[in-house]
$ cat query-v2.csv   # CSV, C-alpha atoms and all ligand atoms
chain,number,residue,atom,x,y,z
F,28,MET,CA,0.0,0.0,0.0
F,29,THR,CA,1.4,3.4,-1.1
F,30,ALA,CA,0.1,6.8,0.0
F,31,PRO,CA,-2.2,8.1,-2.8
F,32,ILE,CA,-1.5,11.4,-4.5
F,33,PRO,CA,-4.4,13.9,-4.2
F,34,LEU,CA,-5.2,15.9,-7.3
F,35,HIS,CA,-6.7,19.3,-6.3
F,36,ALA,CA,-9.0,21.7,-8.1
F,37,TYR,CA,-10.3,25.1,-7.1
F,38,ASP,CA,-13.7,24.9,-5.4
F,39,ASP,CA,-15.7,28.1,-5.9
F,40,ALA,CA,-18.1,27.4,-3.0
F,41,SER,CA,-15.4,27.2,-0.3
F,42,GLY,CA,-12.8,29.3,-2.1
F,43,THR,CA,-10.1,26.7,-1.5
F,44,TYR,CA,-8.4,23.9,-3.4
F,45,LYS,CA,-10.0,20.5,-2.8
F,46,PRO,CA,-9.1,16.9,-3.9
F,47,VAL,CA,-11.2,15.9,-6.8
F,48,ALA,CA,-9.3,12.7,-7.5
F,49,TYR,CA,-6.6,10.5,-6.1
F,50,ALA,CA,-3.8,8.9,-8.2
F,51,CYS,CA,-2.2,5.7,-7.1
F,52,GLY,CA,1.1,6.4,-5.3
F,53,LYS,CA,2.8,3.5,-7.1
F,54,CYS,CA,1.7,3.5,-10.7
F,55,LYS,CA,0.5,7.2,-10.8
F,56,THR,CA,-2.8,6.2,-12.5
F,57,VAL,CA,-5.8,8.3,-11.5
F,58,ALA,CA,-7.5,5.7,-9.5
F,59,ALA,CA,-10.5,7.1,-7.7
F,60,SER,CA,-12.6,10.2,-7.2
F,61,PRO,CA,-14.8,11.3,-4.2
F,62,ALA,CA,-17.5,11.8,-6.9
F,63,GLN,CA,-17.8,8.1,-7.2
F,64,TYR,CA,-18.8,7.7,-3.6
F,65,ILE,CA,-21.8,9.0,-1.6
F,66,GLY,CA,-21.9,10.8,1.7
F,67,GLU,CA,-19.5,12.4,4.1
F,68,ASP,CA,-17.0,9.6,3.8
F,69,ALA,CA,-16.6,9.9,0.0
F,70,ASP,CA,-13.2,11.5,0.3
F,71,ALA,CA,-11.8,8.9,2.7
F,72,ALA,CA,-13.3,6.1,0.5
F,73,ALA,CA,-11.7,7.5,-2.6
F,74,ARG,CA,-8.4,7.9,-0.8
F,75,GLN,CA,-8.6,4.3,0.5
F,76,SER,CA,-9.5,3.0,-3.0
F,77,ALA,CA,-6.5,4.8,-4.6
F,78,SER,CA,-4.1,3.6,-1.9
F,79,GLU,CA,-5.1,0.0,-2.7
F,80,HIS,CA,-4.9,0.5,-6.5
F,81,CYS,CA,-1.7,-1.6,-7.1
F,82,GLY,CA,-2.4,-3.9,-4.2
F,83,PRO,CA,-1.8,-6.0,-2.2
F,84,TRP,CA,-5.5,-6.5,-1.5
F,85,PHE,CA,-6.7,-8.2,1.6
F,86,CYS,CA,-9.7,-10.4,2.5
F,87,ALA,CA,-11.7,-9.9,5.7
F,88,CYS,CA,-9.9,-13.0,7.0
F,89,GLY,CA,-6.5,-11.3,6.7
F,90,LYS,CA,-5.3,-13.4,3.7
F,91,GLU,CA,-4.4,-11.7,0.4
F,92,ARG,CA,-7.0,-11.4,-2.4
F,93,PRO,CA,-5.8,-12.4,-5.9
F,94,THR,CA,-7.0,-9.2,-7.6
F,95,ARG,CA,-8.6,-5.9,-6.7
F,96,HIS,CA,-11.9,-7.3,-8.2
F,97,ASP,CA,-12.1,-10.3,-6.0
F,98,LEU,CA,-14.1,-9.7,-2.9
F,99,VAL,CA,-12.5,-12.5,-0.9
F,100,CYS,CA,-9.4,-14.6,-0.9
F,101,GLN,CA,-9.2,-18.0,-2.6
F,102,THR,CA,-9.4,-19.9,0.7
F,103,CYS,CA,-12.6,-18.0,1.6
F,104,ARG,CA,-14.0,-18.5,-1.9
F,105,ARG,CA,-13.4,-22.2,-1.7
F,106,ALA,CA,-14.9,-22.5,1.8
F,107,GLU,CA,-17.9,-20.6,0.6
F,108,SER,CA,-18.4,-22.9,-2.4
F,109,ASP,CA,-17.8,-26.0,-0.3
F,110,LYS,CA,-20.4,-24.8,2.1
F,111,ARG,CA,-23.0,-24.1,-0.7
F,112,GLU,CA,-22.2,-27.6,-2.1
F,113,ALA,CA,-22.7,-29.2,1.3
F,114,GLU,CA,-26.0,-27.3,1.7
F,115,ARG,CA,-27.2,-28.4,-1.8
F,116,ARG,CA,-26.3,-31.9,-1.0
F,117,ALA,CA,-28.0,-31.9,2.5
F,118,GLY,CA,-31.1,-30.5,0.7
F,119,TYR,CA,-31.2,-33.5,-1.7
F,120,LEU,CA,-30.6,-36.0,1.0
F,121,ALA,CA,-33.4,-34.7,3.1
F,122,LYS,CA,-35.9,-34.7,0.3
F,123,ALA,CA,-34.9,-37.6,-1.9
F,124,LYS,CA,-37.0,-40.7,-2.2
F,125,ARG,CA,-34.9,-43.9,-1.5
F,126,VAL,CA,-35.4,-46.7,-4.0
F,127,PRO,CA,-33.6,-50.0,-3.8
F,128,LEU,CA,-31.5,-50.8,-6.9
F,129,ASP,CA,-33.6,-53.7,-8.1
F,130,GLU,CA,-36.8,-51.7,-7.9
F,131,TYR,CA,-35.4,-48.7,-9.8
F,132,GLU,CA,-37.0,-48.7,-13.3
F,133,GLY,CA,-34.2,-46.9,-15.2
F,134,ASP,CA,-30.9,-48.3,-16.3
F,135,VAL,CA,-28.7,-45.2,-16.0
F,136,PHE,CA,-27.5,-43.9,-12.6
F,137,TYR,CA,-25.5,-40.9,-11.5
F,138,ASP,CA,-22.6,-41.3,-9.1
F,139,GLU,CA,-22.4,-37.9,-7.4
F,140,ASP,CA,-19.0,-38.4,-5.8
F,141,ALA,CA,-17.3,-39.4,-9.0
F,142,SER,CA,-19.5,-37.1,-11.2
F,143,GLU,CA,-20.1,-39.9,-13.6
F,144,TYR,CA,-23.0,-41.8,-15.2
F,145,LEU,CA,-23.1,-45.6,-14.8
F,146,THR,CA,-25.3,-48.2,-16.4
F,147,ARG,CA,-27.0,-50.8,-14.4
F,148,ASP,CA,-24.4,-53.4,-15.5
F,149,GLU,CA,-21.5,-51.1,-14.4
F,150,VAL,CA,-23.1,-50.6,-11.0
F,151,LEU,CA,-23.5,-54.3,-10.6
F,152,ASP,CA,-19.9,-55.0,-11.7
F,153,ARG,CA,-18.6,-52.5,-9.3
F,154,ILE,CA,-20.6,-53.9,-6.4
F,155,ALA,CA,-19.3,-57.4,-7.3
F,156,GLU,CA,-15.7,-56.1,-7.3
F,157,GLY,CA,-16.2,-54.4,-4.0
F,158,GLU,CA,-15.9,-50.9,-5.5
F,159,VAL,CA,-19.3,-49.8,-4.3
F,160,PRO,CA,-20.1,-46.5,-6.0
F,161,GLY,CA,-20.6,-43.4,-3.8
F,162,LEU,CA,-23.9,-41.7,-3.5
F,163,LEU,CA,-26.0,-43.0,-6.4
F,164,PHE,CA,-28.9,-41.0,-7.8
F,165,GLY,CA,-31.4,-41.9,-10.4
F,166,THR,CA,-31.5,-40.1,-13.8
F,167,THR,CA,-34.0,-38.5,-16.1
F,168,GLU,CA,-33.7,-38.5,-19.9
F,169,THR,CA,-34.0,-35.9,-22.5
F,170,GLY,CA,-34.7,-37.2,-26.0
F,171,PHE,CA,-34.4,-35.3,-29.3
F,172,THR,CA,-37.5,-33.4,-30.2
F,173,LEU,CA,-38.3,-30.7,-32.7
F,174,ASP,CA,-41.0,-28.1,-32.1
F,175,ALA,CA,-43.2,-27.2,-35.0
F,176,SER,CA,-44.3,-23.8,-33.7
F,177,GLU,CA,-40.7,-22.7,-33.0
F,178,ILE,CA,-39.6,-23.7,-36.5
F,179,ILE,CA,-42.5,-21.9,-38.1
F,180,THR,CA,-42.0,-18.8,-36.0
F,181,ALA,CA,-38.3,-18.7,-36.8
F,182,GLU,CA,-39.1,-18.7,-40.5
F,183,PHE,CA,-41.6,-15.8,-40.2
F,184,GLU,CA,-39.1,-13.9,-38.2
F,185,SER,CA,-36.3,-14.4,-40.7
F,186,GLY,CA,-37.1,-11.1,-42.4
F,187,ASP,CA,-38.1,-12.7,-45.7
F,188,HIS,CA,-41.9,-12.3,-45.2
F,189,HIS,CA,-44.3,-9.5,-45.0
F,190,GLU,CA,-45.8,-8.4,-41.6
F,191,ASP,CA,-49.1,-10.5,-41.8
F,192,ALA,CA,-47.6,-13.5,-43.6
F,193,SER,CA,-48.3,-15.8,-40.6
F,194,GLU,CA,-52.0,-15.3,-41.1
F,195,GLN,CA,-51.7,-16.7,-44.6
F,196,LEU,CA,-50.7,-20.1,-43.2
F,197,ASP,CA,-53.4,-22.7,-43.7
F,198,TYR,CA,-55.4,-24.0,-40.8
F,199,GLY,CA,-53.8,-27.0,-39.0
F,200,ALA,CA,-50.4,-26.2,-40.4
F,201,THR,CA,-48.6,-26.4,-37.0
F,202,ASP,CA,-50.2,-29.6,-36.0
F,203,ALA,CA,-49.5,-31.2,-39.3
F,204,LEU,CA,-45.8,-30.2,-39.1
F,205,GLN,CA,-45.6,-31.4,-35.5
F,206,GLU,CA,-46.9,-34.8,-36.6
F,207,ALA,CA,-44.3,-35.0,-39.3
F,208,LEU,CA,-41.5,-33.9,-37.0
F,209,ASP,CA,-42.5,-36.5,-34.3
F,210,ALA,CA,-42.4,-39.2,-36.9
F,211,TRP,CA,-39.0,-38.1,-38.1
F,212,CYS,CA,-37.6,-38.0,-34.6
F,213,ALA,CA,-39.0,-41.5,-33.8
F,214,GLU,CA,-37.5,-42.8,-37.0
F,215,TYR,CA,-34.1,-41.1,-37.0
F,216,ALA,CA,-33.4,-39.7,-33.5
F,217,ALA,CA,-34.7,-42.3,-31.1
F,218,LYS,CA,-31.1,-43.1,-30.0
F,219,VAL,CA,-30.3,-39.5,-29.2
F,220,ILE,CA,-30.7,-39.5,-25.4
F,221,THR,CA,-29.1,-37.4,-22.7
F,222,SER,CA,-29.3,-38.4,-19.1
F,223,TRP,CA,-29.4,-35.9,-16.3
F,224,PRO,CA,-29.1,-36.6,-12.5
F,225,ASP,CA,-32.4,-36.9,-10.8
F,226,HIS,CA,-31.6,-35.7,-7.4
F,227,SER,CA,-35.1,-36.6,-6.1
F,228,VAL,CA,-34.2,-40.3,-6.2
F,229,ILE,CA,-31.4,-41.9,-4.2
F,230,VAL,CA,-30.8,-45.5,-5.4
F,231,GLU,CA,-30.0,-47.8,-2.4
F,232,LEU,CA,-27.4,-50.4,-3.2
F,233,PRO,CA,-27.4,-53.8,-1.6
F,234,THR,CA,-24.9,-53.9,1.2
F,235,ARG,CA,-22.0,-56.4,0.9
F,236,SER,CA,-23.3,-58.5,3.8
F,237,GLU,CA,-26.7,-58.9,2.0
F,238,GLU,CA,-24.8,-59.8,-1.2
F,239,GLY,CA,-22.3,-62.2,0.1
F,240,ASP,CA,-23.9,-63.9,3.1
F,241,GLU,CA,-23.0,-67.4,1.9
F,242,GLU,CA,-19.5,-66.6,0.8
F,243,GLY,CA,-18.9,-64.8,4.0
F,244,ALA,CA,-20.0,-67.9,5.9
F,245,ASP,CA,-17.5,-70.0,3.9
F,246,GLU,CA,-14.6,-67.7,4.7
F,247,THR,CA,-15.0,-68.1,8.5
F,301,ZN,ZN,-1.6,1.6,-9.1
F,302,ZN,ZN,-10.3,-14.8,3.2
$ encode --input "query-v2.csv" --output "structure tokens"
Amino acid sequence: MTAPIPLHAYDDASGTYKPVAYACGKCKTVAASPAQYIGEDADAAARQSASEHCGPWFCACGKERPTRHDLVCQTCRRAESDKREAERRAGYLAKAKRVPLDEYEGDVFYDEDASEYLTRDEVLDRIAEGEVPGLLFGTTETGFTLDASEIITAEFESGDHHEDASEQLDYGATDALQEALDAWCAEYAAKVITSWPDHSVIVELPTRSEEGDEEGADET
């Protein structure tokens, strides 16, 4: 922190010279003006801002902030995002429905800890190998669809048509196109599927003791 350099201008009202801006003491860039701030402390706030222009910048916790524009240091930022993540997770856990693996109807699962999607076979393989996946959620799917009214609207908005052109479309046009699009999607895009985590369903895995009761008995 270097002392800021005040830049004075004559003030008619008081008949004195007053600071109208502060330059950074280090790089000499005009860094702040009291006019940017409101109230009695405007001058002090501008001086403070200019004195911090070239850093170092500090967080409320005492650690250094990476740049002037960061409000907190990296440690506090990480702590804040971990906290949000923990809250998000606690929210799911409290509200989610718990469904045993063999009763879950889908075949794709989301392993929250590893951030990866697993098929039913992969989940079963991992359980068999003793690598039980972490917290496992169900998934929902988005297929590929095309929306007739969006397509028609886009064409009318292309700029190639007169103002009332859409009124000249025959009755039933949207429905007919939708029907054709649905048929096309069913025929050509049925395999285009994207899975998303469904945080409302936690899939319960069989525990190892349930799985291997007999083997366990053999070992002893
Ligand atoms: Zn500076
Ligand atoms: Zn901090």
$ residues_near_ligand --input "query-v2.csv" --ligand "ligand ZN 302 (chain F)" --cutoff "10 Å" --atoms "all atoms listed in the file" --output "list in words"
Phe85, Cys86, Ala87, Cys88, Gly89, Lys90, Glu91, Arg92, Leu98, Val99, Cys100, Gln101, Thr102, Cys103, Arg104, Arg105, Ala106 and Glu107 of chain F
$ write_last_selection --input "query-v2.csv" --atoms "C-alpha atoms" --output "PDB file, in the coordinates of the input"
ATOM      1  CA  PHE F  85      -6.700  -8.200   1.600  1.00  0.00           C
ATOM      2  CA  CYS F  86      -9.700 -10.400   2.500  1.00  0.00           C
ATOM      3  CA  ALA F  87     -11.700  -9.900   5.700  1.00  0.00           C
ATOM      4  CA  CYS F  88      -9.900 -13.000   7.000  1.00  0.00           C
ATOM      5  CA  GLY F  89      -6.500 -11.300   6.700  1.00  0.00           C
ATOM      6  CA  LYS F  90      -5.300 -13.400   3.700  1.00  0.00           C
ATOM      7  CA  GLU F  91      -4.400 -11.700   0.400  1.00  0.00           C
ATOM      8  CA  ARG F  92      -7.000 -11.400  -2.400  1.00  0.00           C
ATOM      9  CA  LEU F  98     -14.100  -9.700  -2.900  1.00  0.00           C
ATOM     10  CA  VAL F  99     -12.500 -12.500  -0.900  1.00  0.00           C
ATOM     11  CA  CYS F 100      -9.400 -14.600  -0.900  1.00  0.00           C
ATOM     12  CA  GLN F 101      -9.200 -18.000  -2.600  1.00  0.00           C
ATOM     13  CA  THR F 102      -9.400 -19.900   0.700  1.00  0.00           C
ATOM     14  CA  CYS F 103     -12.600 -18.000   1.600  1.00  0.00           C
ATOM     15  CA  ARG F 104     -14.000 -18.500  -1.900  1.00  0.00           C
ATOM     16  CA  ARG F 105     -13.400 -22.200  -1.700  1.00  0.00           C
ATOM     17  CA  ALA F 106     -14.900 -22.500   1.800  1.00  0.00           C
ATOM     18  CA  GLU F 107     -17.900 -20.600   0.600  1.00  0.00           C
TER      19      GLU F 107
END
$ atom_distance --input "query-v2.csv" --atom1 "CA of Tyr131 in chain F" --atom2 "CA of Val230 in chain F"
7.1 Å
$ residues_near_ligand --input "query-v2.csv" --ligand "ligand ZN 301 (chain F)" --cutoff "8 Å" --atoms "all atoms listed in the file" --output "list of chain:residue names"
F:Ala50, F:Cys51, F:Gly52, F:Lys53, F:Cys54, F:Lys55, F:Thr56, F:Ala58, F:Ala77, F:Ser78, F:Glu79, F:His80, F:Cys81, F:Gly82
$ residues_around --input "query-v2.csv" --residues "range 59-76 of chain F" --least-positions-apart "6" --cutoff "9 Å" --atoms "only C-alpha atoms" --output "ChimeraX atom specification"
/F:30-33,46-51
$ write_last_selection --input "query-v2.csv" --atoms "C-alpha atoms" --output "CSV table (one decimal), keeping the file's coordinate frame"
chain,number,residue,atom,x,y,z
F,30,ALA,CA,0.1,6.8,0.0
F,31,PRO,CA,-2.2,8.1,-2.8
F,32,ILE,CA,-1.5,11.4,-4.5
F,33,PRO,CA,-4.4,13.9,-4.2
F,46,PRO,CA,-9.1,16.9,-3.9
F,47,VAL,CA,-11.2,15.9,-6.8
F,48,ALA,CA,-9.3,12.7,-7.5
F,49,TYR,CA,-6.6,10.5,-6.1
F,50,ALA,CA,-3.8,8.9,-8.2
F,51,CYS,CA,-2.2,5.7,-7.1
$ closest_residue --input "query-v2.csv" --among "F:Asp38, F:Glu184, F:Glu231, F:Asp209" --to "Val159 in chain F" --atoms "all atoms listed in the file"
F:Glu231
$ residues_near_point --input "query-v2.csv" --point "(-32.2, -37.3, -33.4)" --cutoff "12 Å" --atoms "only C-alpha atoms" --output "PyMOL selection string"
chain F and resi 169-173+208-221
$ closest_residue --input "query-v2.csv" --among "F:Val150, F:Ala192, F:Leu204, F:Glu158" --to "Glu177 in chain F" --atoms "only C-alpha atoms"
F:Leu204
$ atom_distance --input "query-v2.csv" --atom1 "CA of Gly165 in chain F" --atom2 "CA of Arg153 in chain F"
16.7 Å
$ closest_residue --input "query-v2.csv" --among "F:Leu163, F:Leu196, F:Ala203, F:Leu151" --to "Ala175 in chain F" --atoms "only C-alpha atoms"
F:Ala203
$ atom_distance --input "query-v2.csv" --atom1 "CA of Arg111 in chain F" --atom2 "CA of Asp140 in chain F"
15.7 Å
$ residues_around --input "query-v2.csv" --residues "Val135 in chain F" --least-positions-apart "5" --cutoff "9 Å" --atoms "only C-alpha atoms" --output "list in words"
Tyr144, Leu145, Thr146, Arg147, Gly165, Thr166, Thr167 and Ser222 of chain F
$ build_atoms --input "query-v2.csv" --residues "range 102-118 of chain F" --atoms "N, CA and C atoms" --output "PDB file, in the frame of the given file"
ATOM      1  N   THR F 102      -9.023 -18.939  -0.384  1.00  0.00           N
ATOM      2  CA  THR F 102      -9.400 -19.900   0.700  1.00  0.00           C
ATOM      3  C   THR F 102     -10.884 -19.629   1.068  1.00  0.00           C
ATOM      4  N   CYS F 103     -11.251 -18.359   1.238  1.00  0.00           N
ATOM      5  CA  CYS F 103     -12.600 -18.000   1.600  1.00  0.00           C
ATOM      6  C   CYS F 103     -13.597 -18.399   0.485  1.00  0.00           C
ATOM      7  N   ARG F 104     -13.142 -18.179  -0.764  1.00  0.00           N
ATOM      8  CA  ARG F 104     -14.000 -18.500  -1.900  1.00  0.00           C
ATOM      9  C   ARG F 104     -14.284 -20.014  -1.919  1.00  0.00           C
ATOM     10  N   ARG F 105     -13.218 -20.801  -1.711  1.00  0.00           N
ATOM     11  CA  ARG F 105     -13.400 -22.200  -1.700  1.00  0.00           C
ATOM     12  C   ARG F 105     -14.281 -22.699  -0.560  1.00  0.00           C
ATOM     13  N   ALA F 106     -14.049 -22.104   0.611  1.00  0.00           N
ATOM     14  CA  ALA F 106     -14.900 -22.500   1.800  1.00  0.00           C
ATOM     15  C   ALA F 106     -16.324 -22.157   1.514  1.00  0.00           C
ATOM     16  N   GLU F 107     -16.563 -21.016   0.860  1.00  0.00           N
ATOM     17  CA  GLU F 107     -17.900 -20.600   0.600  1.00  0.00           C
ATOM     18  C   GLU F 107     -18.569 -21.593  -0.434  1.00  0.00           C
ATOM     19  N   SER F 108     -17.801 -22.013  -1.456  1.00  0.00           N
ATOM     20  CA  SER F 108     -18.400 -22.900  -2.400  1.00  0.00           C
ATOM     21  C   SER F 108     -18.573 -24.316  -1.854  1.00  0.00           C
ATOM     22  N   ASP F 109     -17.651 -24.734  -0.975  1.00  0.00           N
ATOM     23  CA  ASP F 109     -17.800 -26.000  -0.300  1.00  0.00           C
ATOM     24  C   ASP F 109     -19.082 -26.001   0.567  1.00  0.00           C
ATOM     25  N   LYS F 110     -19.297 -24.871   1.215  1.00  0.00           N
ATOM     26  CA  LYS F 110     -20.400 -24.800   2.100  1.00  0.00           C
ATOM     27  C   LYS F 110     -21.747 -24.834   1.287  1.00  0.00           C
ATOM     28  N   ARG F 111     -21.761 -24.106   0.160  1.00  0.00           N
ATOM     29  CA  ARG F 111     -23.000 -24.100  -0.700  1.00  0.00           C
ATOM     30  C   ARG F 111     -23.206 -25.551  -1.209  1.00  0.00           C
ATOM     31  N   GLU F 112     -22.100 -26.234  -1.583  1.00  0.00           N
ATOM     32  CA  GLU F 112     -22.200 -27.600  -2.100  1.00  0.00           C
ATOM     33  C   GLU F 112     -22.774 -28.526  -1.000  1.00  0.00           C
ATOM     34  N   ALA F 113     -22.282 -28.371   0.215  1.00  0.00           N
ATOM     35  CA  ALA F 113     -22.700 -29.200   1.300  1.00  0.00           C
ATOM     36  C   ALA F 113     -24.235 -28.948   1.594  1.00  0.00           C
ATOM     37  N   GLU F 114     -24.634 -27.680   1.483  1.00  0.00           N
ATOM     38  CA  GLU F 114     -26.000 -27.300   1.700  1.00  0.00           C
ATOM     39  C   GLU F 114     -26.932 -27.918   0.621  1.00  0.00           C
ATOM     40  N   ARG F 115     -26.411 -27.839  -0.623  1.00  0.00           N
ATOM     41  CA  ARG F 115     -27.200 -28.400  -1.800  1.00  0.00           C
ATOM     42  C   ARG F 115     -27.382 -29.859  -1.544  1.00  0.00           C
ATOM     43  N   ARG F 116     -26.307 -30.523  -1.144  1.00  0.00           N
ATOM     44  CA  ARG F 116     -26.300 -31.900  -1.000  1.00  0.00           C
ATOM     45  C   ARG F 116     -27.264 -32.337   0.210  1.00  0.00           C
ATOM     46  N   ALA F 117     -27.167 -31.591   1.303  1.00  0.00           N
ATOM     47  CA  ALA F 117     -28.000 -31.900   2.500  1.00  0.00           C
ATOM     48  C   ALA F 117     -29.482 -31.723   2.053  1.00  0.00           C
ATOM     49  N   GLY F 118     -29.746 -30.742   1.169  1.00  0.00           N
ATOM     50  CA  GLY F 118     -31.100 -30.500   0.700  1.00  0.00           C
ATOM     51  C   GLY F 118     -31.615 -31.742  -0.087  1.00  0.00           C
TER      52      GLY F 118
END
